[in-house]
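structure.cif follows; it contains mmCIF, C-alpha atoms and all ligand atoms.
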data_protein
#
loop_
_atom_site.label_atom_id
_atom_site.label_comp_id
_atom_site.auth_asym_id
_atom_site.auth_seq_id
_atom_site.Cartn_x
_atom_site.Cartn_y
_atom_site.Cartn_z
CA MET A 1 -104.60 93.36 89.62
CA ALA A 2 -106.68 93.32 92.74
CA THR A 3 -104.71 95.98 94.56
CA ALA A 4 -106.46 99.10 95.79
CA LYS A 5 -107.10 101.44 92.90
CA ARG A 6 -106.51 105.13 92.87
CA ASP A 7 -109.44 107.39 92.28
CA TYR A 8 -109.85 108.04 88.54
CA TYR A 9 -110.21 111.80 89.05
CA GLU A 10 -107.04 111.80 91.13
CA VAL A 11 -105.25 109.79 88.42
CA LEU A 12 -106.09 112.44 85.84
CA GLY A 13 -105.53 115.29 88.31
CA VAL A 14 -108.93 116.87 87.75
CA GLY A 15 -111.86 117.78 89.99
CA ARG A 16 -115.02 115.70 90.21
CA SER A 17 -116.91 118.30 88.20
CA ALA A 18 -114.38 118.33 85.34
CA THR A 19 -115.92 118.97 81.92
CA PRO A 20 -115.30 116.56 79.02
CA GLU A 21 -112.89 119.18 77.62
CA GLU A 22 -110.92 119.29 80.86
CA LEU A 23 -110.75 115.48 80.94
CA LYS A 24 -109.49 115.44 77.39
CA ARG A 25 -106.81 118.01 78.11
CA ALA A 26 -105.67 116.15 81.23
CA TYR A 27 -105.50 112.82 79.37
CA ARG A 28 -103.61 114.35 76.44
CA LYS A 29 -100.97 115.85 78.69
CA LEU A 30 -100.47 112.80 80.93
CA ALA A 31 -100.65 110.14 78.19
CA MET A 32 -97.88 111.90 76.29
CA GLU A 33 -95.81 112.34 79.41
CA TYR A 34 -96.05 108.67 80.43
CA HIS A 35 -96.06 106.97 77.01
CA PRO A 36 -93.67 104.00 77.39
CA ASP A 37 -91.74 104.96 74.26
CA ARG A 38 -90.82 108.21 75.96
CA ASN A 39 -89.72 106.59 79.19
CA ASN A 40 -87.34 103.89 77.94
CA GLY A 41 -89.63 101.12 79.12
CA ASP A 42 -89.66 102.34 82.73
CA LYS A 43 -92.07 100.04 84.60
CA THR A 44 -93.62 102.76 86.74
CA ALA A 45 -94.29 104.88 83.68
CA GLU A 46 -95.89 101.88 81.95
CA GLU A 47 -98.24 101.33 84.86
CA ARG A 48 -99.08 105.01 84.96
CA PHE A 49 -99.77 105.02 81.20
CA LYS A 50 -102.22 102.17 81.62
CA GLU A 51 -103.83 103.77 84.68
CA ILE A 52 -104.32 107.06 82.83
CA GLY A 53 -105.89 105.28 79.85
CA GLU A 54 -108.27 103.33 82.09
CA ALA A 55 -109.30 106.44 84.02
CA TYR A 56 -109.98 108.35 80.84
CA ALA A 57 -111.84 105.43 79.22
CA VAL A 58 -114.27 105.35 82.15
CA LEU A 59 -114.69 109.08 82.79
CA SER A 60 -115.09 110.01 79.12
CA ASP A 61 -118.07 107.67 78.82
CA PRO A 62 -121.03 109.54 80.40
CA GLN A 63 -122.81 106.35 81.47
CA LYS A 64 -119.73 104.74 83.00
CA ARG A 65 -118.79 108.03 84.66
CA GLN A 66 -122.21 108.28 86.30
CA GLN A 67 -121.92 104.73 87.60
CA TYR A 68 -118.41 105.38 88.82
CA ASP A 69 -119.53 108.57 90.60
CA MET A 70 -122.23 106.62 92.40
CA PHE A 71 -120.48 103.37 93.21
CA GLY A 72 -116.76 103.97 92.76
CA HIS A 73 -114.59 101.09 91.63
CA SER A 74 -117.18 98.53 92.66
CA ALA A 75 -119.65 99.94 90.12
CA GLN A 76 -121.40 97.31 88.05
CA GLY A 77 -120.07 97.17 84.54
CA ILE A 78 -116.74 98.48 85.76
CA PRO A 79 -115.09 95.29 86.97
CA ASN A 80 -112.02 95.76 89.09
CA ASP A 81 -109.56 95.62 86.25
CA PHE A 82 -112.11 96.86 83.68
CA GLY A 83 -110.54 94.40 81.26
CA PHE A 84 -108.13 97.19 80.56
CA SER A 85 -104.78 95.95 79.30
CA PHE A 86 -101.72 97.66 77.92
CA ASP A 87 -103.10 96.97 74.47
CA SER A 88 -106.27 98.85 75.41
CA ALA A 89 -104.12 101.75 76.60
CA PHE A 90 -102.29 101.81 73.27
CA ASP A 91 -105.55 101.47 71.34
CA LEU A 92 -106.99 104.41 73.21
CA PHE A 93 -103.85 106.42 72.63
CA ASP A 94 -103.93 105.65 68.89
CA MET A 95 -107.59 106.58 68.73
CA PHE A 96 -106.99 109.81 70.56
CA PHE A 97 -103.94 110.95 68.64
CA GLY A 98 -104.74 109.27 65.35
CA GLY A 99 -101.91 106.75 65.53
CA GLY A 100 -98.49 106.95 67.10
CA GLY A 101 -95.73 104.56 68.02
CA ARG A 102 -97.35 101.36 69.12
CA ARG A 103 -95.10 98.57 70.14
CA ARG A 104 -95.77 95.09 68.92
CA PRO A 105 -93.46 92.83 70.84
CA ARG A 106 -92.55 89.68 68.98
CA GLY A 107 -89.81 87.16 68.95
CA GLY A 108 -89.27 83.68 67.65
CA PRO A 109 -91.20 81.79 64.99
CA ALA A 110 -95.00 81.95 64.93
CA ARG A 111 -97.17 79.19 66.38
CA GLY A 112 -98.97 76.99 63.85
CA ASP A 113 -102.63 77.40 62.94
CA ASP A 114 -105.48 75.74 64.78
CA LEU A 115 -107.45 73.21 62.75
CA ARG A 116 -111.16 72.45 62.81
CA MET A 117 -112.64 69.14 61.73
CA ASN A 118 -115.99 67.42 62.01
CA ILE A 119 -116.40 63.67 62.33
CA GLU A 120 -119.52 61.59 61.97
CA VAL A 121 -120.41 59.29 64.83
CA SER A 122 -123.27 56.83 65.29
CA PHE A 123 -126.05 57.51 67.80
CA GLU A 124 -124.61 54.82 70.10
CA GLU A 125 -121.05 56.20 69.83
CA ALA A 126 -122.36 59.62 70.87
CA VAL A 127 -124.08 58.02 73.87
CA PHE A 128 -121.34 55.68 75.05
CA GLY A 129 -118.20 57.29 73.62
CA ALA A 130 -115.68 55.55 71.39
CA LYS A 131 -112.09 55.43 70.27
CA ARG A 132 -111.38 56.54 66.73
CA THR A 133 -108.39 57.02 64.51
CA ILE A 134 -108.86 60.05 62.30
CA ASP A 135 -106.82 61.19 59.36
CA VAL A 136 -105.73 64.80 59.75
CA PRO A 137 -104.17 66.67 56.84
CA ARG A 138 -101.83 69.18 58.44
CA ALA A 139 -98.40 70.79 58.30
CA GLU A 140 -95.80 68.63 60.06
CA THR A 141 -92.24 69.27 61.11
CA CYS A 142 -89.89 68.64 58.15
CA THR A 143 -87.95 65.47 58.91
CA THR A 144 -85.05 66.43 56.61
CA CYS A 145 -84.05 69.51 58.58
CA GLY A 146 -85.79 68.72 61.85
CA GLY A 147 -87.91 71.85 61.50
CA SER A 148 -85.08 74.37 61.44
CA GLY A 149 -85.55 75.16 57.75
CA ALA A 150 -81.81 75.10 57.23
CA LYS A 151 -80.13 72.60 54.87
CA PRO A 152 -78.80 69.63 56.87
CA GLY A 153 -75.25 70.38 57.95
CA THR A 154 -75.91 74.12 57.98
CA GLN A 155 -77.51 76.29 60.61
CA ALA A 156 -79.72 79.27 60.84
CA THR A 157 -77.65 82.24 61.93
CA GLN A 158 -78.51 85.07 64.20
CA CYS A 159 -80.08 87.93 62.29
CA ALA A 160 -77.47 90.64 61.80
CA THR A 161 -80.07 93.39 61.57
CA CYS A 162 -81.72 92.83 64.97
CA HIS A 163 -79.00 90.70 66.64
CA GLY A 164 -81.53 87.97 67.32
CA SER A 165 -84.08 90.04 69.19
CA GLY A 166 -86.60 90.09 66.33
CA GLN A 167 -87.12 93.81 66.85
CA VAL A 168 -85.46 96.92 65.57
CA ALA A 169 -85.52 100.38 67.02
CA ARG A 170 -86.06 103.23 64.64
CA MET A 171 -85.91 106.94 65.19
CA MET A 172 -89.01 108.53 63.81
CA GLN A 173 -90.76 111.83 63.72
CA SER A 174 -93.89 111.70 65.84
CA ILE A 175 -96.20 113.89 67.85
CA PHE A 176 -93.56 113.78 70.57
CA GLY A 177 -90.92 115.12 68.22
CA GLN A 178 -87.97 112.81 67.53
CA MET A 179 -88.92 109.44 69.03
CA GLN A 180 -87.67 105.90 69.18
CA SER A 181 -90.08 103.34 67.85
CA VAL A 182 -89.69 99.57 68.18
CA GLN A 183 -90.75 97.51 65.20
CA THR A 184 -90.65 93.92 64.01
CA CYS A 185 -87.34 93.31 62.29
CA PRO A 186 -87.96 93.36 58.51
CA ALA A 187 -84.92 91.18 57.73
CA CYS A 188 -86.05 88.12 59.76
CA ARG A 189 -89.75 89.03 60.22
CA GLY A 190 -89.30 88.89 63.97
CA GLU A 191 -87.84 85.39 64.14
CA GLY A 192 -84.38 86.61 65.16
CA ARG A 193 -82.66 84.13 62.82
CA VAL A 194 -82.00 83.96 59.11
CA ILE A 195 -81.35 80.93 56.91
CA ALA A 196 -78.58 81.33 54.37
CA ASP A 197 -78.89 77.82 52.94
CA PRO A 198 -82.52 76.65 53.04
CA CYS A 199 -83.52 73.00 53.34
CA THR A 200 -84.62 71.80 49.87
CA ALA A 201 -87.30 69.40 51.20
CA CYS A 202 -89.34 72.17 52.80
CA ARG A 203 -87.87 75.18 50.96
CA GLY A 204 -86.76 76.68 54.26
CA GLN A 205 -90.22 76.48 55.82
CA GLY A 206 -89.26 73.84 58.38
CA ARG A 207 -92.56 72.08 57.77
CA ILE A 208 -94.24 70.05 55.07
CA ASP A 209 -97.83 69.15 54.21
CA ALA A 210 -98.60 65.71 55.53
CA ARG A 211 -101.39 63.53 56.81
CA ARG A 212 -101.29 62.18 60.29
CA SER A 213 -103.39 59.54 62.01
CA VAL A 214 -104.60 60.88 65.32
CA GLU A 215 -106.11 58.69 68.03
CA VAL A 216 -109.22 60.30 69.46
CA THR A 217 -111.18 59.30 72.52
CA ILE A 218 -114.76 60.45 71.98
CA PRO A 219 -116.24 61.10 75.41
CA ALA A 220 -119.61 59.53 76.28
CA GLY A 221 -122.47 61.97 75.83
CA VAL A 222 -121.09 64.15 73.03
CA ASP A 223 -123.55 66.01 70.89
CA GLU A 224 -123.38 68.32 67.89
CA ASP A 225 -122.84 71.35 70.15
CA VAL A 226 -119.76 69.84 71.81
CA THR A 227 -116.28 70.71 70.58
CA LEU A 228 -113.27 68.70 71.64
CA ARG A 229 -109.92 70.48 71.83
CA LEU A 230 -106.87 68.34 71.13
CA ALA A 231 -103.95 70.46 72.28
CA GLY A 232 -100.94 70.47 69.96
CA GLU A 233 -102.65 68.41 67.22
CA GLY A 234 -103.02 71.38 64.86
CA GLU A 235 -100.49 72.57 62.31
CA VAL A 236 -96.91 73.12 63.38
CA GLY A 237 -95.57 76.64 62.88
CA PRO A 238 -92.81 77.48 60.40
CA ARG A 239 -89.19 76.86 61.43
CA GLY A 240 -89.80 75.28 64.79
CA GLY A 241 -92.87 77.32 65.79
CA GLY A 242 -95.11 75.35 68.16
CA ALA A 243 -98.16 73.44 66.99
CA GLY A 244 -101.68 74.83 67.08
CA ASP A 245 -104.66 72.89 68.41
CA LEU A 246 -107.18 70.64 66.70
CA TYR A 247 -110.83 71.37 67.39
CA LEU A 248 -113.09 68.43 66.77
CA GLY A 249 -116.84 68.77 66.18
CA PHE A 250 -119.38 65.94 65.80
CA ARG A 251 -122.19 65.03 63.48
CA VAL A 252 -124.41 62.41 65.03
CA LYS A 253 -126.16 59.96 62.70
CA PRO A 254 -129.85 59.66 63.52
CA HIS A 255 -131.15 56.45 65.11
CA PRO A 256 -134.05 54.73 63.29
CA GLN A 257 -136.23 54.65 66.44
CA LEU A 258 -134.66 56.75 69.18
CA VAL A 259 -134.41 60.53 69.37
CA ARG A 260 -132.20 62.43 71.75
CA ARG A 261 -133.49 65.38 73.76
CA GLY A 262 -130.73 66.68 76.01
CA GLN A 263 -129.88 63.86 78.42
CA ASP A 264 -133.12 61.99 77.70
CA ILE A 265 -133.95 59.64 74.85
CA LEU A 266 -137.45 59.63 73.38
CA TYR A 267 -139.08 56.56 71.93
CA GLU A 268 -142.52 56.45 70.37
CA LEU A 269 -144.20 53.28 71.58
CA PRO A 270 -147.00 52.26 69.19
CA VAL A 271 -149.58 49.97 70.84
CA SER A 272 -152.78 48.38 69.58
CA VAL A 273 -156.20 49.34 70.95
CA THR A 274 -156.32 45.91 72.62
CA GLN A 275 -152.91 46.44 74.29
CA ALA A 276 -154.01 49.87 75.51
CA VAL A 277 -157.29 48.50 76.87
CA LEU A 278 -156.12 45.23 78.40
CA GLY A 279 -152.44 46.06 79.12
CA ASP A 280 -149.37 44.08 78.01
CA ALA A 281 -145.67 43.51 78.63
CA ILE A 282 -143.93 44.99 75.58
CA THR A 283 -140.34 44.64 74.49
CA VAL A 284 -138.83 48.01 73.44
CA PRO A 285 -135.44 49.03 72.07
CA THR A 286 -133.06 51.08 74.24
CA VAL A 287 -129.39 52.00 73.76
CA ASP A 288 -128.62 49.29 76.35
CA GLY A 289 -130.48 46.62 74.39
CA GLU A 290 -134.08 45.46 74.64
CA ARG A 291 -136.12 46.09 77.78
CA THR A 292 -139.64 45.04 78.79
CA VAL A 293 -142.15 47.77 79.49
CA GLU A 294 -145.25 46.98 81.59
CA LEU A 295 -148.16 48.67 79.89
CA PRO A 296 -151.00 48.87 82.44
CA ALA A 297 -154.59 48.11 81.47
CA GLY A 298 -156.44 51.27 80.44
CA THR A 299 -153.34 53.12 79.16
CA GLN A 300 -154.31 56.42 77.51
CA PRO A 301 -152.72 57.74 74.29
CA GLY A 302 -149.84 60.13 75.05
CA LYS A 303 -148.92 58.45 78.33
CA GLN A 304 -145.20 58.62 79.12
CA ILE A 305 -143.45 55.61 80.55
CA ARG A 306 -140.07 56.46 82.04
CA LEU A 307 -137.17 54.01 81.95
CA HIS A 308 -134.78 55.42 84.53
CA GLY A 309 -131.08 55.66 83.74
CA LEU A 310 -131.35 54.52 80.13
CA GLY A 311 -130.71 57.98 78.67
CA VAL A 312 -127.53 59.77 77.62
CA PRO A 313 -124.69 60.39 80.10
CA HIS A 314 -123.83 64.03 80.70
CA VAL A 315 -120.57 64.67 78.86
CA ARG A 316 -118.91 66.03 82.04
CA THR A 317 -120.69 64.49 85.03
CA GLY A 318 -121.48 61.11 83.44
CA ARG A 319 -124.97 61.17 84.99
CA ARG A 320 -127.42 59.45 82.71
CA GLY A 321 -130.84 60.73 81.73
CA ASP A 322 -133.90 58.52 81.14
CA GLN A 323 -135.64 56.95 78.20
CA LEU A 324 -139.19 58.20 77.77
CA CYS A 325 -141.59 55.90 75.95
CA LEU A 326 -144.47 57.93 74.51
CA VAL A 327 -147.50 55.74 74.00
CA ARG A 328 -149.30 56.05 70.67
CA VAL A 329 -152.47 54.03 70.31
CA VAL A 330 -152.70 52.82 66.74
CA VAL A 331 -156.34 52.73 65.70
CA PRO A 332 -156.89 50.20 62.91
CA THR A 333 -158.04 51.69 59.63
CA HIS A 334 -158.84 48.43 57.82
CA LEU A 335 -160.82 45.74 59.64
CA ASN A 336 -161.58 42.26 58.37
CA HIS A 337 -165.13 40.93 58.72
CA LYS A 338 -164.42 39.07 61.93
CA ASP A 339 -162.81 42.07 63.69
CA LYS A 340 -165.57 44.36 62.47
CA ALA A 341 -168.17 42.00 63.91
CA LEU A 342 -166.32 41.95 67.26
CA TYR A 343 -166.27 45.76 67.44
CA GLU A 344 -169.96 45.87 66.56
CA GLU A 345 -170.59 43.49 69.40
CA LEU A 346 -168.79 45.81 71.82
CA GLY A 347 -171.32 48.47 71.01
CA GLY A 348 -170.72 52.03 72.19
CA ARG A 349 -172.21 53.88 69.22
CA GLU A 350 -174.93 55.96 70.88
CA GLY A 351 -174.61 59.05 68.71
CA LYS A 352 -173.22 61.21 71.52
CA PRO A 353 -169.80 61.88 73.10
CA VAL A 354 -168.36 59.32 75.47
CA GLU A 355 -168.94 60.14 79.15
CA VAL A 356 -165.70 60.81 80.98
CA LYS A 357 -165.11 61.39 84.69
CA ARG A 358 -162.43 63.99 84.06
CA GLY A 359 -161.95 65.52 80.68
CA PHE A 360 -158.98 67.18 79.05
CA PHE A 361 -160.18 70.63 80.13
CA ASP A 362 -160.30 69.58 83.80
CA SER A 363 -156.63 68.65 83.68
CA LEU A 364 -155.87 71.90 81.87
CA ARG A 365 -157.66 73.93 84.56
CA ASP A 366 -155.72 72.06 87.28
CA ALA A 367 -152.46 72.75 85.50
CA LEU A 368 -153.26 76.46 85.20
CA ARG A 369 -154.21 76.67 88.86
CA ALA A 370 -150.99 75.00 90.03
ZN ZN B 1 -86.72 71.05 55.88
ZN ZN B 2 -83.89 90.33 62.50
#
How would this structure read if it were set down as structure tokens?
Ligand SMILES: [Zn+2]
Ligand SMILES: [Zn+2]
Amino acid sequence: MATAKRDYYEVLGVGRSATPEELKRAYRKLAMEYHPDRNNGDKTAEERFKEIGEAYAVLSDPQKRQQYDMFGHSAQGIPNDFGFSFDSAFDLFDMFFGGGGRRRPRGGPARGDDLRMNIEVSFEEAVFGAKRTIDVPRAETCTTCGGSGAKPGTQATQCATCHGSGQVARMMQSIFGQMQSVQTCPACRGEGRVIADPCTACRGQGRIDARRSVEVTIPAGVDEDVTLRLAGEGEVGPRGGGAGDLYLGFRVKPHPQLVRRGQDILYELPVSVTQAVLGDAITVPTVDGERTVELPAGTQPGKQIRLHGLGVPHVRTGRRGDQLCLVRVVVPTHLNHKDKALYEELGGREGKPVEVKRGFFDSLRDALRA
């Protein structure tokens, strides 16, 4: 709620210099007074109960209190609603009083479980996407009873204990004295209906174990850290409870020559000394098929040649990265007589390092200065 909030001290009815003991006393008194179970579900009391819990949660924490004193409701770490729900208010109350009538509203059959599966895709499928049919073992609606769990021709009847609400009220002794507590109906486990004559195919469960073929569209650009959520493709719940979701993860098979790095694809381009010295037009593999790379004369080892737009599309934006060809000069280790003679003829063995205009350390210094 983004409405203006009341001052926490005002909510608890204490001064700004209240001691932790005074805060505790104020919370104890007000939380008991406004506990929803004591106010027959009165909406104003419910709001007050939550407000009191939130105020106490902030002011009883020395660090949060200090921040609140300095910055009020806009204090960092105390977002407007503080993430404080009714559940938090009940949790706090239980913590404070060591347990006491918490309500757990329920009703109707439970939703089915979510499922998690991993599928293996090729490098190219991960890059370009694909359509797949996968086999999912999961609980499906029983076709004999249509999911009701009741024998065909019979019907589930309203639970006599809770009259279909799934909840029962019980009088119990509590810190408030005699108090009404609302609990999940034990006769129907909160479903509000009971089955006198269960379906024999599913033994009253309304669902059976089955396998289902599910069509999946794998988006272009998926990677092993991407999870696809297929809503409603999980297990169905018992007796007509809705289906959970299917979460699909991916294992990407490695490519023999290409390696993915984010949106880019790396390729190690091995070239001969002659190709590096004289240059060449070299055919290289890419995910889009073969491409020709112009290797200029005098190419140094470690040079990167960028092929724009031949990388992996971003899974959401579709923008493609690049392919980077990393040049590796392969120095021959075994020379035949003829080649050896040719290298000898080239000369260059003067017993001292080769003269270079700019060495590795010059580039390093430039990089550090930048
Ligand atoms: Zn059935
Ligand atoms: Zn019931």
Distance of atom CA of A:Lys131 from atom CA of A:Arg260, expressed in Å to one decimal place: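 Between atom CA of A:Arg260 and atom CA of A:Lys131 the gap works out to 21.3 Å.
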Long-range neighbours of A:Asp280 as an NGL selection string, 10 Å cut-off, only C-alpha atoms, 3 positions minimum in chain: :A and (271 or 274-277 or 283 or 292-297 or 299)
Shell of 8 Å around ligand ZN 2 (chain B) (only C-alpha atoms and all ligand atoms), written as JSON, numbers by chain: {"A": [158, 159, 160, 161, 162, 163, 164, 165, 166, 167, 168, 184, 185, 186, 187, 188, 189, 190, 191, 192, 193, 194]}
Nearest to A:Glu224, chosen from A:Thr19, A:Asn39, A:Ser363, A:Ser122, with all atoms listed in the file counted in the distances: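 Going through A:Thr19, A:Asn39, A:Ser363, A:Ser122 one by one, the smallest distance to A:Glu224 is for A:Ser122.
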Polymer residues at most 9 Å from A:Ala31, only C-alpha atoms, same-chain spacing of 3 or more positions, as a list in words: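 Contacts, in chain order: Ala26, Tyr27, Arg28, Tyr34, His35, Arg48, Phe49, Lys50, Ile52, Gly53 and Phe93 of chain A.
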Convert the current residue selection to file output with C-alpha atoms, as an mmCIF file, in the coordinates of the input.
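Produced file again-v7.cif, reproduced below:
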data_model
loop_
_atom_site.group_PDB
_atom_site.id
_atom_site.type_symbol
_atom_site.label_atom_id
_atom_site.label_comp_id
_atom_site.auth_asym_id
_atom_site.auth_seq_id
_atom_site.Cartn_x
_atom_site.Cartn_y
_atom_site.Cartn_z
ATOM 1 C CA ALA A 26 -105.670 116.150 81.230
ATOM 2 C CA TYR A 27 -105.500 112.820 79.370
ATOM 3 C CA ARG A 28 -103.610 114.350 76.440
ATOM 4 C CA TYR A 34 -96.050 108.670 80.430
ATOM 5 C CA HIS A 35 -96.060 106.970 77.010
ATOM 6 C CA ARG A 48 -99.080 105.010 84.960
ATOM 7 C CA PHE A 49 -99.770 105.020 81.200
ATOM 8 C CA LYS A 50 -102.220 102.170 81.620
ATOM 9 C CA ILE A 52 -104.320 107.060 82.830
ATOM 10 C CA GLY A 53 -105.890 105.280 79.850
ATOM 11 C CA PHE A 93 -103.850 106.420 72.630
#
Within 10 Å of A:Leu307 using all atoms listed in the file, minus same-chain residues under 6 positions, as a short mmCIF file (atom, residue, chain, number, x, y, z; two decimals) with C-alpha atoms, in the coordinates of the input:
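Wrote result04.cif, looks like this:
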data_model
loop_
_atom_site.label_atom_id
_atom_site.label_comp_id
_atom_site.auth_asym_id
_atom_site.auth_seq_id
_atom_site.Cartn_x
_atom_site.Cartn_y
_atom_site.Cartn_z
CA ASP A 264 -133.12 61.99 77.70
CA ILE A 265 -133.95 59.64 74.85
CA THR A 286 -133.06 51.08 74.24
CA ARG A 291 -136.12 46.09 77.78
CA THR A 292 -139.64 45.04 78.79
CA VAL A 293 -142.15 47.77 79.49
CA GLY A 321 -130.84 60.73 81.73
CA ASP A 322 -133.90 58.52 81.14
CA GLN A 323 -135.64 56.95 78.20
CA LEU A 324 -139.19 58.20 77.77
CA CYS A 325 -141.59 55.90 75.95
#
Residues within 8 Å of ligand ZN 1 (chain B), counting only C-alpha atoms and all ligand atoms, as JSON, numbers by chain: {"A": [141, 142, 143, 144, 145, 146, 147, 148, 149, 150, 151, 198, 199, 200, 201, 202, 203, 204, 205, 206, 207, 208]}
Pairwise distance for atom CA of A:Arg211 and atom CA of A:Glu140, rounded to one decimal in Å: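 One can read the atom CA of A:Arg211 to atom CA of A:Glu140 distance as 8.2 Å.
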Coordinates-based distance that separates atom CA of A:Gly311 from atom CA of A:Gly289 (Å, one decimal):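 A separation of 12.1 Å between them.
Near A:Phe250, within 7 Å and counting only C-alpha atoms, sit Asn118, Ile119, Glu120, Val121, Asp223 and Glu224 of chain A; same-chain residues fewer than 6 positions away were not included.
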Those residues with C-alpha atoms, as a PDB file, keeping the file's coordinate frame please?
ATOM      1  CA  ASN A 118    -115.990  67.420  62.010  1.00  0.00           C
ATOM      2  CA  ILE A 119    -116.400  63.670  62.330  1.00  0.00           C
ATOM      3  CA  GLU A 120    -119.520  61.590  61.970  1.00  0.00           C
ATOM      4  CA  VAL A 121    -120.410  59.290  64.830  1.00  0.00           C
ATOM      5  CA  ASP A 223    -123.550  66.010  70.890  1.00  0.00           C
ATOM      6  CA  GLU A 224    -123.380  68.320  67.890  1.00  0.00           C
TER       7      GLU A 224
END
For stretch 113-129 of chain A, what centre and edge lengths in Å (one decimal) does the axis-aligned box get once 8 Å is added on each side of all its listed atoms, as lines of an AutoDock Vina configuration file?
center_x = -114.3
center_y = 66.1
center_z = 68.4
size_x = 39.4
size_y = 38.6
size_z = 29.3
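For A:Pro62, the list of residues within 12 Å, based on all atoms listed in the file and with local chain neighbours fewer than 6 positions off taken out, reads A:Thr19, A:Pro20, A:Leu23, A:Tyr56, A:Tyr68, A:Asp69.
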Given all atoms listed in the file as the counted atoms, nearest of A:Val273, A:Ala139, A:Val127, A:Leu258 to A:Thr333: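 Using all atoms listed in the file, A:Thr333 sits closest to A:Val273.
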Shortest interatomic distance to A:Gln263 - which of A:Ala210, A:Leu92, A:Leu310, A:Leu342, counting only C-alpha atoms: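 Closest residue, counting only C-alpha atoms: A:Leu310.
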Can you pull stretch 90-95 of chain A out of that block with all heavy atoms and hand it back as a tab-separated table (two decimals), in the first residue's frame?
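As a result, selection32.tsv now contains:
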chain	number	residue	atom	x	y	z
A	90	PHE	N	1.46	-12.27	11.91
A	90	PHE	CA	1.16	-13.47	12.71
A	90	PHE	C	2.45	-14.14	13.19
A	90	PHE	O	2.52	-14.61	14.32
A	90	PHE	CB	0.32	-14.46	11.90
A	90	PHE	CG	-1.12	-14.06	11.81
A	90	PHE	CD1	-1.64	-13.55	10.65
A	90	PHE	CD2	-1.96	-14.18	12.91
A	90	PHE	CE1	-2.97	-13.16	10.56
A	90	PHE	CE2	-3.29	-13.80	12.84
A	90	PHE	CZ	-3.80	-13.29	11.67
A	91	ASP	N	3.46	-14.15	12.31
A	91	ASP	CA	4.75	-14.74	12.70
A	91	ASP	C	5.31	-14.02	13.91
A	91	ASP	O	5.78	-14.63	14.86
A	91	ASP	CB	5.77	-14.62	11.55
A	91	ASP	CG	5.52	-15.66	10.47
A	91	ASP	OD1	4.87	-16.67	10.78
A	91	ASP	OD2	5.96	-15.45	9.32
A	92	LEU	N	5.27	-12.68	13.83
A	92	LEU	CA	5.79	-11.87	14.93
A	92	LEU	C	5.02	-12.15	16.21
A	92	LEU	O	5.59	-12.33	17.29
A	92	LEU	CB	5.68	-10.39	14.55
A	92	LEU	CG	6.19	-9.40	15.58
A	92	LEU	CD1	7.71	-9.49	15.66
A	92	LEU	CD2	5.79	-7.97	15.20
A	93	PHE	N	3.71	-12.23	16.06
A	93	PHE	CA	2.85	-12.48	17.21
A	93	PHE	C	3.20	-13.83	17.85
A	93	PHE	O	3.36	-13.94	19.06
A	93	PHE	CB	1.39	-12.47	16.76
A	93	PHE	CG	0.40	-12.56	17.89
A	93	PHE	CD1	-0.06	-11.41	18.52
A	93	PHE	CD2	-0.07	-13.79	18.34
A	93	PHE	CE1	-0.96	-11.48	19.56
A	93	PHE	CE2	-0.97	-13.86	19.38
A	93	PHE	CZ	-1.42	-12.71	20.00
A	94	ASP	N	3.36	-14.85	16.98
A	94	ASP	CA	3.70	-16.19	17.48
A	94	ASP	C	5.04	-16.19	18.19
A	94	ASP	O	5.23	-16.83	19.21
A	94	ASP	CB	3.74	-17.20	16.33
A	94	ASP	CG	2.34	-17.60	15.89
A	94	ASP	OD1	1.38	-17.17	16.57
A	94	ASP	OD2	2.21	-18.32	14.89
A	95	MET	N	6.00	-15.43	17.60
A	95	MET	CA	7.32	-15.36	18.18
A	95	MET	C	7.25	-14.70	19.56
A	95	MET	O	7.86	-15.14	20.53
A	95	MET	CB	8.23	-14.51	17.29
A	95	MET	CG	9.43	-15.22	16.76
A	95	MET	SD	10.06	-14.34	15.33
A	95	MET	CE	10.37	-12.72	16.00
